[in-house]
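Undergrad: Just one file: coords.tsv, with TSV, C-alpha atoms (C1' of nucleotides) and all ligand atoms.
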```
chain	number	residue	atom	x	y	z
A	1	MET	CA	-153.03	10.29	-106.22
A	2	VAL	CA	-155.87	7.83	-106.64
A	3	ILE	CA	-159.35	8.19	-107.98
A	4	PRO	CA	-161.73	7.38	-105.14
A	5	VAL	CA	-163.61	4.68	-107.00
A	6	ASN	CA	-164.95	3.07	-103.90
A	7	GLN	CA	-166.17	6.34	-102.39
A	8	LEU	CA	-168.53	6.97	-105.27
A	9	ARG	CA	-169.84	3.44	-105.45
A	10	ALA	CA	-170.28	3.33	-101.70
A	11	ARG	CA	-172.58	6.31	-101.94
A	12	GLY	CA	-174.73	4.60	-104.54
A	13	TYR	CA	-173.33	6.43	-107.54
A	14	ARG	CA	-171.91	4.77	-110.61
A	15	LEU	CA	-168.40	4.78	-111.85
A	16	THR	CA	-168.83	5.59	-115.51
A	17	PRO	CA	-166.07	5.98	-118.11
A	18	GLN	CA	-167.18	9.60	-118.55
A	19	ARG	CA	-166.66	10.39	-114.90
A	20	LEU	CA	-163.32	8.64	-114.80
A	21	ALA	CA	-162.14	10.44	-117.92
A	22	ILE	CA	-163.07	13.86	-116.59
A	23	LEU	CA	-161.44	13.13	-113.27
A	24	ARG	CA	-158.32	11.96	-115.09
A	25	VAL	CA	-158.26	15.06	-117.27
A	26	LEU	CA	-158.47	17.37	-114.28
A	27	ASN	CA	-155.81	15.41	-112.46
A	28	GLN	CA	-153.42	15.67	-115.37
A	29	VAL	CA	-153.75	19.39	-116.06
A	30	GLY	CA	-153.48	20.23	-112.38
A	31	THR	CA	-154.93	23.74	-112.69
A	32	HIS	CA	-158.23	25.44	-113.37
A	33	ARG	CA	-160.09	24.58	-116.55
A	34	THR	CA	-163.36	25.81	-118.01
A	35	PRO	CA	-166.10	23.31	-118.87
A	36	GLN	CA	-165.32	23.84	-122.55
A	37	GLU	CA	-161.67	23.03	-122.02
A	38	VAL	CA	-162.56	19.96	-120.01
A	39	TYR	CA	-164.94	18.93	-122.77
A	40	ASN	CA	-162.24	19.17	-125.44
A	41	LEU	CA	-159.76	17.22	-123.37
A	42	ALA	CA	-162.29	14.58	-122.40
A	43	LEU	CA	-163.27	14.18	-126.03
A	44	LYS	CA	-159.87	12.63	-126.72
A	45	GLU	CA	-160.55	9.92	-124.21
A	46	ILE	CA	-164.26	9.37	-124.75
A	47	PRO	CA	-165.00	10.26	-128.40
A	48	GLY	CA	-168.75	10.30	-127.96
A	49	ILE	CA	-168.95	12.37	-124.78
A	50	THR	CA	-171.28	15.39	-124.90
A	51	GLU	CA	-171.08	18.85	-123.41
A	52	ALA	CA	-174.22	18.22	-121.38
A	53	THR	CA	-172.52	15.30	-119.70
A	54	VAL	CA	-169.42	17.34	-118.98
A	55	TYR	CA	-171.42	20.10	-117.34
A	56	ARG	CA	-173.44	17.63	-115.34
A	57	THR	CA	-170.40	15.63	-114.34
A	58	LEU	CA	-168.47	18.68	-113.18
A	59	SER	CA	-171.37	19.72	-110.97
A	60	PHE	CA	-171.70	16.22	-109.68
A	61	LEU	CA	-168.03	15.84	-108.85
A	62	THR	CA	-168.07	19.23	-107.16
A	63	ALA	CA	-171.03	18.21	-105.03
A	64	GLN	CA	-169.14	15.04	-104.10
A	65	GLY	CA	-166.11	17.03	-103.06
A	66	LEU	CA	-163.80	15.49	-105.66
A	67	VAL	CA	-163.54	18.70	-107.65
A	68	LEU	CA	-163.38	22.38	-106.75
A	69	GLU	CA	-165.15	25.09	-108.70
A	70	ALA	CA	-164.70	28.86	-108.64
A	71	HIS	CA	-165.56	32.07	-110.36
A	72	VAL	CA	-162.24	33.71	-111.05
A	73	GLY	CA	-163.43	37.11	-112.14
A	74	ASN	CA	-163.76	36.73	-115.89
A	75	GLY	CA	-167.27	35.40	-115.63
A	76	GLN	CA	-166.22	31.87	-116.44
A	77	LEU	CA	-166.68	29.07	-113.94
A	78	VAL	CA	-163.54	26.95	-113.66
A	79	TYR	CA	-162.87	23.54	-112.18
A	80	GLU	CA	-159.89	21.65	-110.83
A	81	CYS	CA	-159.25	18.48	-108.92
A	82	ALA	CA	-159.61	18.80	-105.17
A	83	GLU	CA	-156.39	17.17	-104.03
A	84	GLN	CA	-155.47	19.99	-101.72
A	85	VAL	CA	-158.03	22.63	-100.93
A	86	HIS	CA	-156.96	26.25	-101.14
A	87	HIS	CA	-158.19	29.72	-102.00
A	88	HIS	CA	-157.12	32.33	-104.53
A	89	LEU	CA	-156.20	35.91	-105.14
A	90	VAL	CA	-157.06	36.98	-108.68
A	91	CYS	CA	-155.84	40.14	-110.42
A	92	ARG	CA	-158.64	42.10	-112.05
A	93	ALA	CA	-156.20	43.61	-114.52
A	94	CYS	CA	-154.00	40.76	-115.77
A	95	GLN	CA	-155.97	37.72	-114.55
A	96	ALA	CA	-152.94	36.40	-112.67
A	97	THR	CA	-154.01	34.07	-109.89
A	98	SER	CA	-152.06	33.23	-106.79
A	99	MET	CA	-152.84	30.65	-104.16
A	100	VAL	CA	-153.85	31.34	-100.60
A	101	ASP	CA	-153.41	28.73	-97.93
A	102	TYR	CA	-156.65	27.17	-96.87
A	103	ALA	CA	-155.62	27.76	-93.26
A	104	ASP	CA	-155.29	31.50	-93.84
A	105	LEU	CA	-159.05	31.88	-94.02
A	106	GLN	CA	-160.01	29.34	-91.38
A	107	GLY	CA	-159.70	31.95	-88.64
A	108	VAL	CA	-162.30	34.28	-90.11
A	109	PHE	CA	-164.51	31.36	-90.97
A	110	ARG	CA	-164.51	30.23	-87.36
A	111	ASP	CA	-165.20	33.78	-86.17
A	112	LEU	CA	-168.12	34.15	-88.54
A	113	GLU	CA	-169.48	30.78	-87.48
A	114	GLN	CA	-169.48	31.97	-83.88
A	115	LYS	CA	-171.27	35.19	-84.74
A	116	THR	CA	-173.84	33.75	-87.12
A	117	GLY	CA	-174.42	30.13	-86.27
A	118	TYR	CA	-173.69	29.20	-89.87
A	119	LEU	CA	-171.39	26.33	-90.70
A	120	ILE	CA	-169.06	27.70	-93.37
A	121	ASP	CA	-167.53	25.24	-95.81
A	122	SER	CA	-166.28	27.27	-98.75
A	123	ARG	CA	-163.20	25.40	-99.88
A	124	HIS	CA	-162.19	27.49	-102.88
A	125	VAL	CA	-162.77	31.21	-102.49
A	126	ALA	CA	-161.46	33.70	-105.03
A	127	LEU	CA	-160.75	37.22	-103.82
A	128	LEU	CA	-160.23	39.94	-106.40
A	129	GLY	CA	-157.78	42.78	-106.50
A	130	LEU	CA	-154.61	43.97	-108.15
A	131	CYS	CA	-151.39	41.99	-108.29
A	132	PRO	CA	-148.14	43.77	-107.39
A	133	ASP	CA	-147.19	44.23	-111.05
A	134	CYS	CA	-150.49	45.79	-112.05
A	135	GLN	CA	-150.36	48.11	-109.04
A	136	ASP	CA	-147.06	49.46	-110.36
A	137	LYS	CA	-148.42	49.94	-113.84
A	138	THR	CA	-151.33	52.06	-112.61
A	139	GLU	CA	-149.28	53.98	-110.07
A	140	HIS	CA	-148.99	57.10	-112.20
A	141	THR	CA	-152.76	57.42	-112.37
A	142	THR	CA	-153.13	57.55	-108.60
A	143	ASN	CA	-152.05	60.20	-106.15
A	144	GLY	CA	-151.18	57.92	-103.30
A	145	LYS	CA	-154.10	59.22	-101.29
A	146	GLY	CA	-155.99	55.98	-101.75
A	147	GLU	CA	-159.17	57.63	-102.89
A	148	ARG	CA	-161.72	55.43	-104.61
B	1	MET	CA	-180.00	58.13	-101.67
B	2	VAL	CA	-179.07	59.85	-104.88
B	3	ILE	CA	-178.00	58.58	-108.24
B	4	PRO	CA	-174.46	59.84	-108.83
B	5	VAL	CA	-175.25	61.48	-112.11
B	6	ASN	CA	-172.26	63.77	-112.03
B	7	GLN	CA	-169.84	60.96	-111.22
B	8	LEU	CA	-170.58	59.16	-114.44
B	9	ARG	CA	-170.51	62.22	-116.64
B	10	ALA	CA	-167.32	63.42	-115.01
B	11	ARG	CA	-165.67	60.18	-116.07
B	12	GLY	CA	-166.70	60.67	-119.67
B	13	TYR	CA	-169.61	58.25	-119.61
B	14	ARG	CA	-173.13	59.10	-120.63
B	15	LEU	CA	-176.19	59.26	-118.50
B	16	THR	CA	-178.70	57.30	-120.54
B	17	PRO	CA	-182.32	56.55	-119.63
B	18	GLN	CA	-181.43	52.84	-119.64
B	19	ARG	CA	-178.72	53.29	-117.05
B	20	LEU	CA	-180.89	55.48	-114.89
B	21	ALA	CA	-183.78	53.03	-115.06
B	22	ILE	CA	-181.63	50.06	-114.07
B	23	LEU	CA	-180.09	52.02	-111.23
B	24	ARG	CA	-183.55	53.04	-110.08
B	25	VAL	CA	-184.82	49.48	-110.25
B	26	LEU	CA	-181.97	48.17	-108.13
B	27	ASN	CA	-182.40	50.97	-105.65
B	28	GLN	CA	-186.06	50.19	-105.24
B	29	VAL	CA	-185.83	46.45	-104.76
B	30	GLY	CA	-182.95	46.82	-102.33
B	31	THR	CA	-181.78	43.22	-102.59
B	32	HIS	CA	-180.09	40.90	-105.05
B	33	ARG	CA	-181.66	40.45	-108.46
B	34	THR	CA	-180.69	38.35	-111.44
B	35	PRO	CA	-180.15	40.00	-114.83
B	36	GLN	CA	-183.42	38.50	-116.01
B	37	GLU	CA	-185.30	39.99	-113.08
B	38	VAL	CA	-183.67	43.34	-113.63
B	39	TYR	CA	-184.62	43.11	-117.29
B	40	ASN	CA	-188.27	42.48	-116.50
B	41	LEU	CA	-188.41	45.33	-114.02
B	42	ALA	CA	-186.57	47.74	-116.30
B	43	LEU	CA	-188.91	46.84	-119.13
B	44	LYS	CA	-191.73	48.59	-117.27
B	45	GLU	CA	-189.78	51.83	-117.29
B	46	ILE	CA	-188.10	51.60	-120.68
B	47	PRO	CA	-190.42	49.54	-122.91
B	48	GLY	CA	-187.84	49.09	-125.64
B	49	ILE	CA	-184.88	48.07	-123.50
B	50	THR	CA	-183.14	44.84	-124.51
B	51	GLU	CA	-181.52	42.06	-122.53
B	52	ALA	CA	-178.16	42.80	-124.10
B	53	THR	CA	-178.31	46.32	-122.76
B	54	VAL	CA	-179.24	45.09	-119.31
B	55	TYR	CA	-176.30	42.68	-119.20
B	56	ARG	CA	-173.92	45.32	-120.49
B	57	THR	CA	-175.25	47.98	-118.15
B	58	LEU	CA	-174.99	45.75	-115.09
B	59	SER	CA	-171.36	45.00	-115.91
B	60	PHE	CA	-170.70	48.65	-116.54
B	61	LEU	CA	-172.28	49.81	-113.30
B	62	THR	CA	-170.37	47.13	-111.42
B	63	ALA	CA	-167.11	48.29	-112.95
B	64	GLN	CA	-167.99	51.84	-111.91
B	65	GLY	CA	-168.64	50.75	-108.36
B	66	LEU	CA	-172.30	51.75	-108.36
B	67	VAL	CA	-173.51	48.17	-108.25
B	68	LEU	CA	-172.31	45.00	-106.54
B	69	GLU	CA	-172.38	41.59	-108.16
B	70	ALA	CA	-172.01	38.14	-106.64
B	71	HIS	CA	-172.35	34.47	-107.27
B	72	VAL	CA	-174.61	33.22	-104.52
B	73	GLY	CA	-174.22	29.51	-104.99
B	74	ASN	CA	-177.06	28.65	-107.34
B	75	GLY	CA	-175.00	29.44	-110.42
B	76	GLN	CA	-176.80	32.69	-111.05
B	77	LEU	CA	-174.99	36.01	-110.96
B	78	VAL	CA	-176.95	38.58	-108.96
B	79	TYR	CA	-176.73	42.34	-108.67
B	80	GLU	CA	-177.71	44.98	-106.16
B	81	CYS	CA	-177.08	48.65	-105.59
B	82	ALA	CA	-173.84	49.42	-103.80
B	83	GLU	CA	-175.09	51.77	-101.12
B	84	GLN	CA	-173.37	49.97	-98.33
B	85	VAL	CA	-170.82	47.32	-99.16
B	86	HIS	CA	-171.04	44.01	-97.31
B	87	HIS	CA	-170.47	40.30	-97.71
B	88	HIS	CA	-172.70	37.26	-97.41
B	89	LEU	CA	-173.17	33.84	-95.95
B	90	VAL	CA	-175.30	31.63	-98.17
B	91	CYS	CA	-176.90	28.35	-97.19
B	92	ARG	CA	-176.24	25.56	-99.68
B	93	ALA	CA	-179.39	23.77	-98.62
B	94	CYS	CA	-182.12	26.41	-98.39
B	95	GLN	CA	-180.47	29.35	-100.20
B	96	ALA	CA	-180.97	31.63	-97.21
B	97	THR	CA	-178.50	34.48	-97.26
B	98	SER	CA	-177.33	36.52	-94.32
B	99	MET	CA	-175.19	39.61	-94.34
B	100	VAL	CA	-171.66	39.87	-93.04
B	101	ASP	CA	-170.21	43.20	-92.05
B	102	TYR	CA	-167.70	44.48	-94.53
B	103	ALA	CA	-165.35	45.17	-91.61
B	104	ASP	CA	-165.44	41.52	-90.55
B	105	LEU	CA	-163.31	40.53	-93.53
B	106	GLN	CA	-161.03	43.56	-93.61
B	107	GLY	CA	-158.65	41.98	-91.15
B	108	VAL	CA	-157.91	38.95	-93.31
B	109	PHE	CA	-157.74	41.10	-96.39
B	110	ARG	CA	-155.04	43.24	-94.80
B	111	ASP	CA	-153.14	40.16	-93.66
B	112	LEU	CA	-153.25	38.63	-97.12
B	113	GLU	CA	-152.14	41.91	-98.64
B	114	GLN	CA	-149.09	41.87	-96.38
B	115	LYS	CA	-148.23	38.29	-97.29
B	116	THR	CA	-148.81	38.53	-101.01
B	117	GLY	CA	-148.37	42.11	-102.14
B	118	TYR	CA	-151.80	42.01	-103.72
B	119	LEU	CA	-154.26	44.83	-103.19
B	120	ILE	CA	-157.54	43.11	-102.35
B	121	ASP	CA	-160.75	44.94	-103.17
B	122	SER	CA	-163.51	42.35	-103.13
B	123	ARG	CA	-166.50	44.24	-101.84
B	124	HIS	CA	-169.14	41.52	-102.01
B	125	VAL	CA	-167.93	38.05	-101.16
B	126	ALA	CA	-170.31	35.13	-100.72
B	127	LEU	CA	-169.23	32.31	-98.45
B	128	LEU	CA	-171.14	29.05	-98.59
B	129	GLY	CA	-172.23	26.73	-95.85
B	130	LEU	CA	-175.23	25.60	-93.86
B	131	CYS	CA	-177.55	27.92	-91.97
B	132	PRO	CA	-178.47	27.01	-88.39
B	133	ASP	CA	-181.86	25.61	-89.45
B	134	CYS	CA	-180.46	23.35	-92.12
B	135	GLN	CA	-177.79	22.09	-89.74
B	136	ASP	CA	-180.55	20.91	-87.42
B	137	LYS	CA	-182.43	19.20	-90.22
B	138	THR	CA	-179.41	17.14	-91.28
B	139	GLU	CA	-178.29	16.41	-87.73
B	140	HIS	CA	-179.69	12.88	-87.68
B	141	THR	CA	-177.60	11.92	-90.69
B	142	THR	CA	-174.33	12.86	-89.00
B	143	ASN	CA	-172.59	11.23	-86.10
B	144	GLY	CA	-171.16	14.35	-84.56
B	145	LYS	CA	-167.66	13.25	-85.43
B	146	GLY	CA	-167.40	15.89	-88.14
B	147	GLU	CA	-166.28	13.55	-90.86
B	148	ARG	CA	-166.50	14.85	-94.45
C	1	DT	C1'	-173.07	-15.31	-116.50
C	2	DT	C1'	-177.64	-13.51	-116.94
C	3	DG	C1'	-181.14	-10.50	-115.89
C	4	DC	C1'	-183.14	-6.51	-113.35
C	5	DT	C1'	-183.18	-2.07	-111.38
C	6	DT	C1'	-182.33	2.48	-112.03
C	7	DA	C1'	-178.46	5.97	-112.29
C	8	DT	C1'	-176.46	8.13	-116.11
C	9	DT	C1'	-175.88	9.35	-120.85
C	10	DG	C1'	-176.88	11.42	-125.45
C	11	DC	C1'	-179.81	14.05	-128.00
C	12	DA	C1'	-182.39	17.97	-128.98
C	13	DA	C1'	-184.81	21.81	-127.53
C	14	DA	C1'	-184.85	25.57	-124.29
C	15	DT	C1'	-182.75	29.18	-121.74
C	16	DA	C1'	-178.94	32.32	-120.55
C	17	DG	C1'	-175.34	35.36	-121.77
C	18	DT	C1'	-172.02	37.60	-125.26
C	19	DT	C1'	-170.56	40.11	-129.32
C	20	DG	C1'	-170.12	42.76	-133.94
C	21	DC	C1'	-171.97	46.30	-136.19
C	22	DA	C1'	-174.79	49.95	-137.97
C	23	DA	C1'	-178.14	53.30	-136.18
C	24	DT	C1'	-179.05	56.34	-132.37
C	25	DA	C1'	-178.66	59.89	-129.18
C	26	DA	C1'	-175.80	62.15	-125.11
C	27	DC	C1'	-173.69	66.17	-124.36
C	28	DG	C1'	-169.96	69.56	-124.87
C	29	DA	C1'	-168.48	73.21	-128.10
C	30	DG	C1'	-169.60	77.09	-130.57
D	1	DC	C1'	-180.15	76.28	-130.03
D	2	DT	C1'	-177.55	73.65	-133.51
D	3	DC	C1'	-173.90	70.64	-134.78
D	4	DG	C1'	-170.36	67.08	-134.52
D	5	DT	C1'	-168.11	63.56	-132.00
D	6	DT	C1'	-168.40	59.23	-130.28
D	7	DA	C1'	-170.38	56.44	-126.34
D	8	DT	C1'	-174.26	53.54	-126.16
D	9	DT	C1'	-178.15	51.05	-127.86
D	10	DG	C1'	-180.89	47.59	-130.50
D	11	DC	C1'	-180.72	43.89	-133.30
D	12	DA	C1'	-179.39	39.53	-134.73
D	13	DA	C1'	-176.20	35.99	-134.79
D	14	DC	C1'	-173.43	33.35	-131.88
D	15	DT	C1'	-171.72	30.87	-127.83
D	16	DA	C1'	-172.53	28.90	-123.30
D	17	DT	C1'	-175.28	26.30	-120.10
D	18	DT	C1'	-179.43	23.81	-118.59
D	19	DT	C1'	-183.14	20.53	-118.95
D	20	DG	C1'	-186.67	16.76	-120.30
D	21	DC	C1'	-186.87	12.43	-121.90
D	22	DA	C1'	-186.04	8.01	-123.95
D	23	DA	C1'	-182.15	4.82	-124.63
D	24	DT	C1'	-178.15	2.93	-122.41
D	25	DA	C1'	-175.36	0.54	-119.34
D	26	DA	C1'	-173.39	0.28	-114.25
D	27	DG	C1'	-173.61	-2.76	-110.53
D	28	DC	C1'	-175.94	-5.99	-107.79
D	29	DA	C1'	-178.35	-10.37	-107.02
D	30	DA	C1'	-179.18	-14.87	-108.28
A	201	MN	MN	-157.82	26.64	-107.28
A	202	MN	MN	-175.33	41.68	-101.15
A	203	ZN	ZN	-152.14	41.80	-112.50
A	204	ZN	ZN	-180.45	26.73	-94.87
```
Can the structure from this file be put into structure tokens for me?
Ligand SMILES: [Mn+2]
Ligand SMILES: [Mn+2]
Ligand SMILES: [Zn+2]
Ligand SMILES: [Zn+2]

TA:
Amino acid sequence: MVIPVNQLRARGYRLTPQRLAILRVLNQVGTHRTPQEVYNLALKEIPGITEATVYRTLSFLTAQGLVLEAHVGNGQLVYECAEQVHHHLVCRACQATSMVDYADLQGVFRDLEQKTGYLIDSRHVALLGLCPDCQDKTEHTTNGKGER
Amino acid sequence: MVIPVNQLRARGYRLTPQRLAILRVLNQVGTHRTPQEVYNLALKEIPGITEATVYRTLSFLTAQGLVLEAHVGNGQLVYECAEQVHHHLVCRACQATSMVDYADLQGVFRDLEQKTGYLIDSRHVALLGLCPDCQDKTEHTTNGKGER
DNA sequence: TTGCTTATTGCAAATAGTTGCAATAACGAG
DNA sequence: CTCGTTATTGCAACTATTTGCAATAAGCAA
């Protein structure tokens, strides 16, 4: 997997060591990371890098489509490289996250586009709920009637 | 529309003036508000109320299902009363938000539940994209080929 | 290579949101 | 109505995130 150097430059943006480092960090870890975590990892590569730059760079890379961001329930924004787009199911109870095929939401997206005229381009949605395990654990507190 | 006083007490929580005021504020405005906005409005009713209390109360009311929260693209968390659940389409360009029937996403939710075993209970999803107007405005910069 | 333009960074100050803890006050029991 | 238990608040310190601005350094042209 290659960093799209050219892409950025072609669009008039600059290829700075900070941006490359952050992109590299996200590529290596492979999963979601908070800005703070990215900052700490990037610090090893670019000793002088600042948090402000990390925040700004993550937003920038997200806007450019090279990185995905998401709120995964705990209030923290997280980022990851955008190699393959996808969505998520996140457990409210244990924070477990599972992937959802991008294609699995395309249908609804298309339907909603028809109805509303909007062009929908969410590439990293997180839906909340309870994972199978946590459903079991809370089973004794429910009566199976599905009441809220 | 009535504040579910009993509900809260029945669950062992207390019905404080702060909670009532915040609930009232959200009921009156009817739409999404940021914690800061809620704070300023609540301040008129409870002069001594603090921001910490507002943040905590909004989380609490969300957990209790009396309030809905959502990230609507601009990085800000927003809250609103949970009279009728629904979802949203938000324009990345002009921030316009339109409602999406809750039922319109139920289908996918059920499908995903089948596939994954998760129980999905997101009651206020925000999907991002471009509203019809903003699509027109950026039309001249695209070539109709739909490239990213 | 050298110099110029200007996008990007670092810094510091500002704003937003969270948390521990002691004081307060809901509210059920008597 | 009075009292005791304990959930909730206010406060202050702390952490997270954003922003303005001057200094820096990509990247292009010569
Ligand atoms: Mn992801
Ligand atoms: Mn809403
Ligand atoms: Zn779980
Ligand atoms: Zn728009």

Undergrad: List all protein, DNA and RNA residues that have an atom no more than 6 Å from any atom of ligand ZN 204 (chain A), counting all atoms listed in the file, and report them as a PyMOL selection string.

TA: chain B and resi 91+93-96+130-131+133-134

Undergrad: Identify every residue of chain A that has at least one atom within 12 Å of any atom of chain C, counting only C-alpha atoms (C1' of nucleotides), and report the result as a PyMOL selection string.

TA: chain A and resi 9+11-19+48-54+56-57+60+75-76

Undergrad: Could you give me the centre and size, in Å to one decimal, of an axis-aligned box around all listed atoms of range 5-24 of chain D with 4 Å added on every side, as lines of an AutoDock Vina configuration file?

TA:
```
center_x = -177.5
center_y = 33.2
center_z = -126.7
size_x = 26.8
size_y = 68.6
size_z = 24.2
```

Undergrad: Do you know which residues are within 8 Å of ligand MN 202 (chain A) using all atoms listed in the file? Can you write them as an NGL selection string?

TA: :B and (31-32 or 68-70 or 79-80 or 85-88 or 99 or 124)

Undergrad: To one decimal place in Å, what is the distance between CA of Leu41 in chain A and CA of Val72 in chain A?

TA: 20.7 Å

Undergrad: Show me a table, sorted first by chain and then by increasing residue number, of the residues of chain B having an atom at most 12 Å from ligand ZN 203 (chain A), each with its shortest atom pair and the distance in Å to one decimal, counting all atoms listed in the file and written as a Markdown table.

TA:
```
| residue | atom | partner | partner_atom | distance |
| --- | --- | --- | --- | --- |
| B:Gly117 | CA | A:ZN203 | ZN | 11.0 |
| B:Tyr118 | CA | A:ZN203 | ZN | 8.8 |
| B:Leu119 | CA | A:ZN203 | ZN | 10.0 |
| B:Ile120 | CA | A:ZN203 | ZN | 11.6 |
```

Undergrad: Please check the contacts: residues of chain B at most 9 Å away from chain A, using only C-alpha atoms, listed as an mmCIF file with C-alpha atoms, in the frame of the given file.

TA:
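Wrote part30.cif, looks like this:
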```cif
data_model
loop_
_atom_site.group_PDB
_atom_site.id
_atom_site.type_symbol
_atom_site.label_atom_id
_atom_site.label_comp_id
_atom_site.auth_asym_id
_atom_site.auth_seq_id
_atom_site.Cartn_x
_atom_site.Cartn_y
_atom_site.Cartn_z
ATOM 1 C CA HIS B 71 -172.350 34.470 -107.270
ATOM 2 C CA LEU B 89 -173.170 33.840 -95.950
ATOM 3 C CA VAL B 90 -175.300 31.630 -98.170
ATOM 4 C CA CYS B 91 -176.900 28.350 -97.190
ATOM 5 C CA SER B 98 -177.330 36.520 -94.320
ATOM 6 C CA VAL B 100 -171.660 39.870 -93.040
ATOM 7 C CA ASP B 104 -165.440 41.520 -90.550
ATOM 8 C CA LEU B 105 -163.310 40.530 -93.530
ATOM 9 C CA GLY B 107 -158.650 41.980 -91.150
ATOM 10 C CA VAL B 108 -157.910 38.950 -93.310
ATOM 11 C CA PHE B 109 -157.740 41.100 -96.390
ATOM 12 C CA ASP B 111 -153.140 40.160 -93.660
ATOM 13 C CA LEU B 112 -153.250 38.630 -97.120
ATOM 14 C CA THR B 116 -148.810 38.530 -101.010
ATOM 15 C CA GLY B 117 -148.370 42.110 -102.140
ATOM 16 C CA TYR B 118 -151.800 42.010 -103.720
ATOM 17 C CA LEU B 119 -154.260 44.830 -103.190
ATOM 18 C CA ILE B 120 -157.540 43.110 -102.350
ATOM 19 C CA ASP B 121 -160.750 44.940 -103.170
ATOM 20 C CA SER B 122 -163.510 42.350 -103.130
ATOM 21 C CA ARG B 123 -166.500 44.240 -101.840
ATOM 22 C CA VAL B 125 -167.930 38.050 -101.160
ATOM 23 C CA ALA B 126 -170.310 35.130 -100.720
ATOM 24 C CA LEU B 127 -169.230 32.310 -98.450
ATOM 25 C CA LEU B 128 -171.140 29.050 -98.590
ATOM 26 C CA GLY B 129 -172.230 26.730 -95.850
ATOM 27 C CA LEU B 130 -175.230 25.600 -93.860
ATOM 28 C CA CYS B 131 -177.550 27.920 -91.970
ATOM 29 C CA PRO B 132 -178.470 27.010 -88.390
ATOM 30 C CA ASP B 133 -181.860 25.610 -89.450
ATOM 31 C CA GLN B 135 -177.790 22.090 -89.740
ATOM 32 C CA ARG B 148 -166.500 14.850 -94.450
#
```

Undergrad: Could you jot down the CA of Gln64 in chain B to CA of Ile46 in chain B separation for me, Å, one decimal place?

TA: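 Separation of CA of Gln64 in chain B and CA of Ile46 in chain B: 21.9 Å.
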
Undergrad: With distances taken over all atoms listed in the file, which of D:DA29, D:DC3, D:DA12, D:DC21 is nearest to chain B?

TA: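 Going through D:DA29, D:DC3, D:DA12, D:DC21 one by one, the smallest distance to chain B is for D:DA12.
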
Undergrad: Provide as JSON, numbers by chain the residues of chain D at most 10 Å from chain B, counting all atoms listed in the file.

TA: {"D": [7, 8, 9, 10, 11]}

Undergrad: Might you pull out every residue within 10 Å of Pro4 in chain B, with only C-alpha atoms (C1' of nucleotides) counted and same-chain residues fewer than 6 positions away left off, and present them as a list in words?

TA: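 With the cut-off at 10 Å, the set is Leu15, Leu20, Leu23 and Leu66 of chain B.
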
Undergrad: Just how far from CA of Thr97 in chain A is CA of Gly30 in chain A, in Å to one decimal?

TA: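 We find that CA of Gly30 in chain A and CA of Thr97 in chain A lie 14.1 Å from each other.
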